[in-house]
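Presented below is the structure to which this report refers.
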Amino acid sequence: MNHTPENEDALSRRVAELIHRLEYHNYRYYILDDPIISDVEYDALYRELKQIEESHPELISDDSPTRRVGVSTAQTDFAKVRHPYPMLSLSNVFSMEDLVRWDTAARKFFPGKVDFEYVVEPKIDGLSVALTYEDGVLVRGATRGDGTIGEDITLNIKTIKSVPLKLRQLEGKPVPRRIEVRGEVYLAIKDFETLNRELAEKGEKLFANPRNSAAGSLRQKDPAISASRPLSIFLYNLGYIEDGLEIQTQTQALEYFRELGFRTAKDIKLCRTLEEVENCVRDWLARRDSLDFEIDGAVIKLNDFKTQELLGYVGRDPRWATAYKFPAREATTVLKAITISVRRTGSITPKAVLEPVQIGGTTVQNATLFNEDEIRRLHLKIGDTVLVKRAGDVIPNIVKVLDERRTGNETDFEMPKNCPSCGFPTRRDPEYAVLYCTNNSFDCPDRIRDWINHFTQTMGMEGLGVKITNRFYDEGFIRDFADIYSLKKEQLTSLERFGERLADKLLAQIEESKQRPLSQLLAALGIEGIGQKAAEMLAQHFKSLARLRAATIDEIAEIKGMGKVAAQSIVDFFANARNVALVDKLLAFGVRTSDPEDSDEKSSKPFSGMTFVLTGKLLNYTRQSAEELLKRKGATVGSSVSKNTTYVVAGEDSGSKLAKAQALGIKILSEQEFEKLVKD
Ligand code: IVH
């Protein structure tokens, strides 16, 4: 390409457009939970931007999504930053009586009767941060620190996908010259669990709870590590705003945050009486286990900013807000034993058996121990009194041993030298902290049982839980997961407490499972390292089990996001004659092993035969990108309106084409309607 000024100009326009589109799709995905393009399409846009930036470094701008994963600068320490307004903490209340007292104290500041409005929010258990935007661009992210001085963690903050690098521009509303917003960075409970599992495999130190894991991830010296942790954010406070809108209440601030492209917690309520507040708090407490993030209470704030100002602070705590703390989900109990289970992959994992104890409404009698190193790190002995913590509806962790409670009767625990199920020697993977059963044939019963169960669960045979599949295995009805399809009604009904109805129900579920999409089948096979997501990529690429079976490592690793390790694992799997026999058996039983070739094609061309005409200016698409999108879905894009036009998409300032469409009675779509249509 030659570097004429026009070319440069066109290129920098393209860069701006790509940034705009990527940020928009990011917003749809991370903020609205409502993506309108596929990952593949997103990746293509991202790659294009990256390529331009590589060949034209002068076009790299700070708000480019490629800058999210900061270049590792091997930061030694985080710079200190002073918060223009201190980041406060919150007083606590633990009962309704406490809350009434807090309310009464606040009312004393107002002579006569005053109507309060309260906002009730979840108290998210993460790490608070302050984000500063200048002219709409993120310029700084800082931790709370001691409230006055925090640390500059801008590079790490940028890796959080739900933090906009640039604020969304609002029609008719000025972009504030400077705005500082505050919120809580957290790691979802399931991501916390996955992270701990991965750390355990590598023999690294685990995080005790989601909060620590968020803090640890955010304060990484290498932003690439932060980027690999799926952190998220909820905004809850306005720090300050300069030359922008007048925001007068907390509810307005939250609404404004959403307009600017931030996430706020759902179900935040405005209450007018303390009774309403109490109900909201109870609601959050009741929902605590079903949320995908950890909360340790509810925050009650007075809605009106003037009221807030008047009330001011006591020490570090505002009088206008308080935290209604929920009971801690920790308890002490005794470690009775450590049991060992052998998983389908052969990994041998310890599990703590506890003296049953109540934690936050459930009886806890087990805790995860992950691996041998974790037992060592905790200096755990059988008989120890331990502190157990439960987050969300997760299996609890042992946080620490209460040394002072030792009696001298505690005993050491050793991981077994032989597999407790089949007696084969165990071996520790030198690279990881994991112990394995070395029996790779089909006669380690625990491995097979776990494998069968994994298969039935992944294939959606809900009725075939662990207990039932184990029973079938122990009765000798099945030797492997493919045998599930050979089960006969007489076999099932021959078992005690197994009626006809149950047998029919299970057989129907088994039969139905034969038609699952290829991705589900691939995940169900239990190939090491191939979970649902990898299985989907493989299915999309290969479309049939036969083709995947014939693929080489290179062919598999070529798929974006697949990696050599996963590719090797797949090839190893199919190199094993026993696995091949298993897969053949599935085929013989009539299990579907391919996805219809053209289904993809058809479903992605839903507009074939339709003619669209675009007119006016669209907010979130350039003319070219809208046309591309329509054509990719099979539509024809016309330049003038006629009676053959199916839809006219009318953006802002549409002129004669719109009028003509109206005259001809042609269906007119707004940008929102267009968006919805292309999404469906
Ligand atoms: S408001 C003056 N709102 O709780 C206002 N804080 O114990 C101070 N937190 O440092 C913060 N969710 O890290 C507020 N909805 C929420 C919150 C929240 C979690 C954290 C925050 C703060 C701590 C105070």
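Labels used: A, B, ... for chains in the order of the structure tokens, numbers from 1 for residues in each chain, and numbers from 1 for ligands as shown.
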| said: Taking only range 165-404 of chain A into account, list the residues labelled helix (DSSP H, G or I) by DSSP (computed from the backbone), as a PyMOL selection string. | reply: chain A and resi 189-201+210-218+223-227+250-260+274-290+305-311+372-377+403-404
Go through chain A and flag each residue having an atom no more than 7 Å from ligand 1; for those, report the closest pair of atoms plus their distance in Å to one decimal, using only C-alpha atoms and all ligand atoms, ordered by chain and rising number, as a Markdown table.
```
| residue | atom | partner | partner_atom_place_in_ligand_line | distance |
| --- | --- | --- | --- | --- |
| A:Met87 | CA | ligand 1 | 8 (C) | 6.7 |
| A:Leu88 | CA | ligand 1 | 2 (C) | 4.7 |
| A:Ser89 | CA | ligand 1 | 24 (C) | 4.2 |
| A:Leu90 | CA | ligand 1 | 7 (O) | 4.5 |
| A:Glu121 | CA | ligand 1 | 15 (N) | 5.0 |
| A:Pro122 | CA | ligand 1 | 15 (N) | 5.4 |
| A:Lys123 | CA | ligand 1 | 12 (N) | 3.5 |
| A:Ile124 | CA | ligand 1 | 19 (C) | 4.1 |
| A:Asp125 | CA | ligand 1 | 19 (C) | 5.8 |
| A:Gly126 | CA | ligand 1 | 13 (O) | 6.4 |
| A:Leu127 | CA | ligand 1 | 13 (O) | 5.3 |
| A:Ser128 | CA | ligand 1 | 13 (O) | 4.0 |
| A:Glu184 | CA | ligand 1 | 13 (O) | 5.8 |
| A:Tyr236 | CA | ligand 1 | 15 (N) | 5.0 |
| A:Asn237 | CA | ligand 1 | 1 (S) | 6.2 |
| A:Val299 | CA | ligand 1 | 15 (N) | 5.5 |
| A:Asp317 | CA | ligand 1 | 2 (C) | 6.6 |
| A:Pro318 | CA | ligand 1 | 2 (C) | 5.6 |
| A:Ala321 | CA | ligand 1 | 2 (C) | 6.5 |
| A:Ala323 | CA | ligand 1 | 7 (O) | 6.8 |
```
Dump C-alpha atoms for the selected residues as a compact mmCIF listing (two decimals), in the first residue's frame?
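Contents of the output file result_12.txt:
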```txt
# COMPACT_ATOMS: atom_id res chain seq x y z
CA MET A 87 -13.11 7.03 49.54
CA LEU A 88 -15.17 6.36 52.63
CA SER A 89 -16.17 3.21 54.36
CA LEU A 90 -19.50 2.28 55.87
CA GLU A 121 -28.14 -2.12 47.06
CA PRO A 122 -26.29 -5.39 47.44
CA LYS A 123 -23.00 -5.12 49.29
CA ILE A 124 -20.68 -6.85 46.89
CA ASP A 125 -17.70 -8.56 48.40
CA GLY A 126 -14.87 -7.39 46.21
CA LEU A 127 -12.45 -4.54 46.04
CA SER A 128 -13.44 -0.90 45.66
CA GLU A 184 -16.61 -2.82 43.30
CA TYR A 236 -22.26 2.13 43.12
CA ASN A 237 -21.14 5.72 43.71
CA VAL A 299 -26.12 -1.16 51.64
CA ASP A 317 -18.28 6.75 57.82
CA PRO A 318 -21.00 8.75 56.16
CA ALA A 321 -25.42 5.32 54.40
CA ALA A 323 -24.26 -1.54 55.63
```
| Which residues come within 9 Å of Val353 in chain A, counting only C-alpha atoms, excluding same-chain residues fewer than 5 positions away, as a list in words? | Val334, Leu335, Lys336, Ala337, Ile338, Thr339, Gln365, Asn366 and Ala367 of chain A
| Pick from A:Phe370, A:Tyr473, A:Ala546, A:Ala105 nearest to Leu199 in chain A, counting only C-alpha atoms |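 Among the listed residues, A:Phe370 lies closest to Leu199 in chain A.
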Counting only C-alpha atoms, what is within 9 Å of range 575-589 of chain A, bar same-chain residues fewer than 6 positions away, as a compact mmCIF listing (two decimals) with N, CA and C atoms, in the first residue's frame?
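New file result_1.txt:
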```txt
# COMPACT_ATOMS: atom_id res chain seq x y z
N SER A 441 -6.25 -48.93 32.00
CA SER A 441 -7.17 -49.84 31.32
C SER A 441 -8.56 -49.63 31.90
N PHE A 442 -9.47 -50.51 31.51
CA PHE A 442 -10.86 -50.27 31.88
C PHE A 442 -11.24 -50.91 33.20
N ASP A 480 -19.30 -49.52 30.47
CA ASP A 480 -18.79 -48.22 30.01
C ASP A 480 -19.97 -47.34 29.65
N PHE A 481 -19.71 -46.09 29.27
CA PHE A 481 -20.84 -45.17 29.05
C PHE A 481 -21.67 -45.52 27.82
N ALA A 482 -21.06 -46.18 26.84
CA ALA A 482 -21.83 -46.51 25.65
C ALA A 482 -22.88 -47.57 25.97
N ASP A 483 -22.59 -48.41 26.98
CA ASP A 483 -23.54 -49.46 27.37
C ASP A 483 -24.87 -48.91 27.86
N TYR A 485 -26.80 -47.21 26.33
CA TYR A 485 -27.78 -47.36 25.24
C TYR A 485 -28.22 -48.80 25.04
N SER A 486 -27.61 -49.74 25.79
CA SER A 486 -28.02 -51.13 25.63
C SER A 486 -28.99 -51.55 26.74
N LYS A 514 -29.82 -39.42 22.15
CA LYS A 514 -29.09 -39.81 20.93
C LYS A 514 -29.04 -38.67 19.92
N LEU A 525 -17.75 -37.05 25.95
CA LEU A 525 -16.76 -38.12 25.82
C LEU A 525 -15.73 -38.07 26.95
N LEU A 545 -17.93 -36.21 14.07
CA LEU A 545 -16.98 -36.92 14.91
C LEU A 545 -15.95 -37.62 14.03
N ARG A 549 -11.97 -37.22 14.34
CA ARG A 549 -11.16 -38.41 14.61
C ARG A 549 -9.97 -38.50 13.66
```
| request: Measuring atom to atom with only C-alpha atoms, identify which of A:Leu521, A:Leu45, A:Ile448, A:Met461 is nearest to Asp474 in chain A. | output: A:Ile448
| Pick from A:Ile398, A:Val93, A:Ala635, A:Val175 nearest to Leu369 in chain A, counting only C-alpha atoms |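 Once distances to Leu369 in chain A are computed over only C-alpha atoms, the minimum belongs to A:Ile398.
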| query | Mind pulling up the distance from CA of Thr611 in chain A to CA of Gly638 in chain A? | reply | 6.3 Å
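Near range 7-14 of chain A, within a cut-off of 12 Å and counting only C-alpha atoms, sit the residues Met1, Asn2, His3, Thr4, Glu17, Leu18, Ile19, His20, Arg21, Leu22, Leu45, Glu48, Leu49, Lys50, Gln51, Ile52, Glu53, Ser55, His56, Pro57, Glu58, Leu59, Ile60, Ser61, Thr622, Gln624 and Ser625 of chain A, with same-chain residues fewer than 3 positions away left out.
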With only C-alpha atoms as the counted atoms, please give the residues lying no more than 9 Å from Leu270 in chain A, apart from itself and same-chain residues fewer than 3 positions off, as a PDB file with C-alpha atoms, in the first residue's frame.
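Result file part.pdb:
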```pdb
ATOM      1  CA  GLU A 117     -35.976   7.992  50.361  1.00  0.00           C
ATOM      2  CA  TYR A 118     -33.664   5.025  50.735  1.00  0.00           C
ATOM      3  CA  VAL A 119     -31.819   3.103  48.060  1.00  0.00           C
ATOM      4  CA  VAL A 120     -31.054  -0.527  48.899  1.00  0.00           C
ATOM      5  CA  THR A 251     -30.969   6.633  41.594  1.00  0.00           C
ATOM      6  CA  GLU A 276     -39.793  -1.460  52.672  1.00  0.00           C
ATOM      7  CA  VAL A 277     -36.081  -1.303  53.380  1.00  0.00           C
ATOM      8  CA  ASN A 303     -31.194   8.873  47.910  1.00  0.00           C
TER       9      ASN A 303
END
```
| query | Within 10 Å of Ala328 in chain A, counting only C-alpha atoms, which residues qualify if same-chain residues fewer than 4 places away don't, as a list of chain:residue names? | reply |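 In the requested format, the answer is A:Asp296, A:Gly297, A:Ile359, A:Gly360, A:Lys389, A:Arg390, A:Ala391.
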Can you write just those residues out, N, CA, C and O atoms, as a CSV table (one decimal), in the first residue's frame?
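Result saved to part32.csv:
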```csv
chain,number,residue,atom,x,y,z
A,296,ASP,N,-22.0,-9.7,51.1
A,296,ASP,CA,-21.9,-9.9,52.6
A,296,ASP,C,-22.8,-9.0,53.3
A,296,ASP,O,-22.7,-8.8,54.5
A,297,GLY,N,-23.8,-8.4,52.6
A,297,GLY,CA,-24.8,-7.6,53.2
A,297,GLY,C,-25.5,-6.7,52.2
A,297,GLY,O,-25.4,-7.0,51.0
A,359,ILE,N,-23.9,-23.6,58.5
A,359,ILE,CA,-23.3,-22.3,58.0
A,359,ILE,C,-24.4,-21.6,57.2
A,359,ILE,O,-24.7,-22.2,56.1
A,360,GLY,N,-24.8,-20.5,57.6
A,360,GLY,CA,-25.8,-19.7,56.8
A,360,GLY,C,-27.0,-20.6,56.3
A,360,GLY,O,-27.3,-20.5,55.1
A,389,LYS,N,-15.2,-21.9,55.6
A,389,LYS,CA,-15.9,-20.8,55.0
A,389,LYS,C,-16.7,-21.2,53.8
A,389,LYS,O,-16.2,-22.0,53.0
A,390,ARG,N,-17.9,-20.7,53.7
A,390,ARG,CA,-18.7,-21.0,52.5
A,390,ARG,C,-19.0,-19.8,51.7
A,390,ARG,O,-19.4,-18.8,52.3
A,391,ALA,N,-18.8,-19.8,50.4
A,391,ALA,CA,-19.1,-18.6,49.6
A,391,ALA,C,-20.2,-19.0,48.6
A,391,ALA,O,-20.1,-20.1,48.0
```
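Each of A:Pro65, A:Gly460, A:Gly216, A:Pro111 was compared to Glu512 in chain A using only C-alpha atoms, and A:Gly460 turns out to be the nearest.
Taking CA of Asn409 in chain A as the reference point, CA of Thr368 in chain A is found at 23.2 Å.
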| task | Compare A:Lys108, A:Arg316, A:Lys161, A:Arg197 by their minimum atom-to-atom distance to Thr349 in chain A, counting only C-alpha atoms, and give me the closest one. | result | A:Arg197
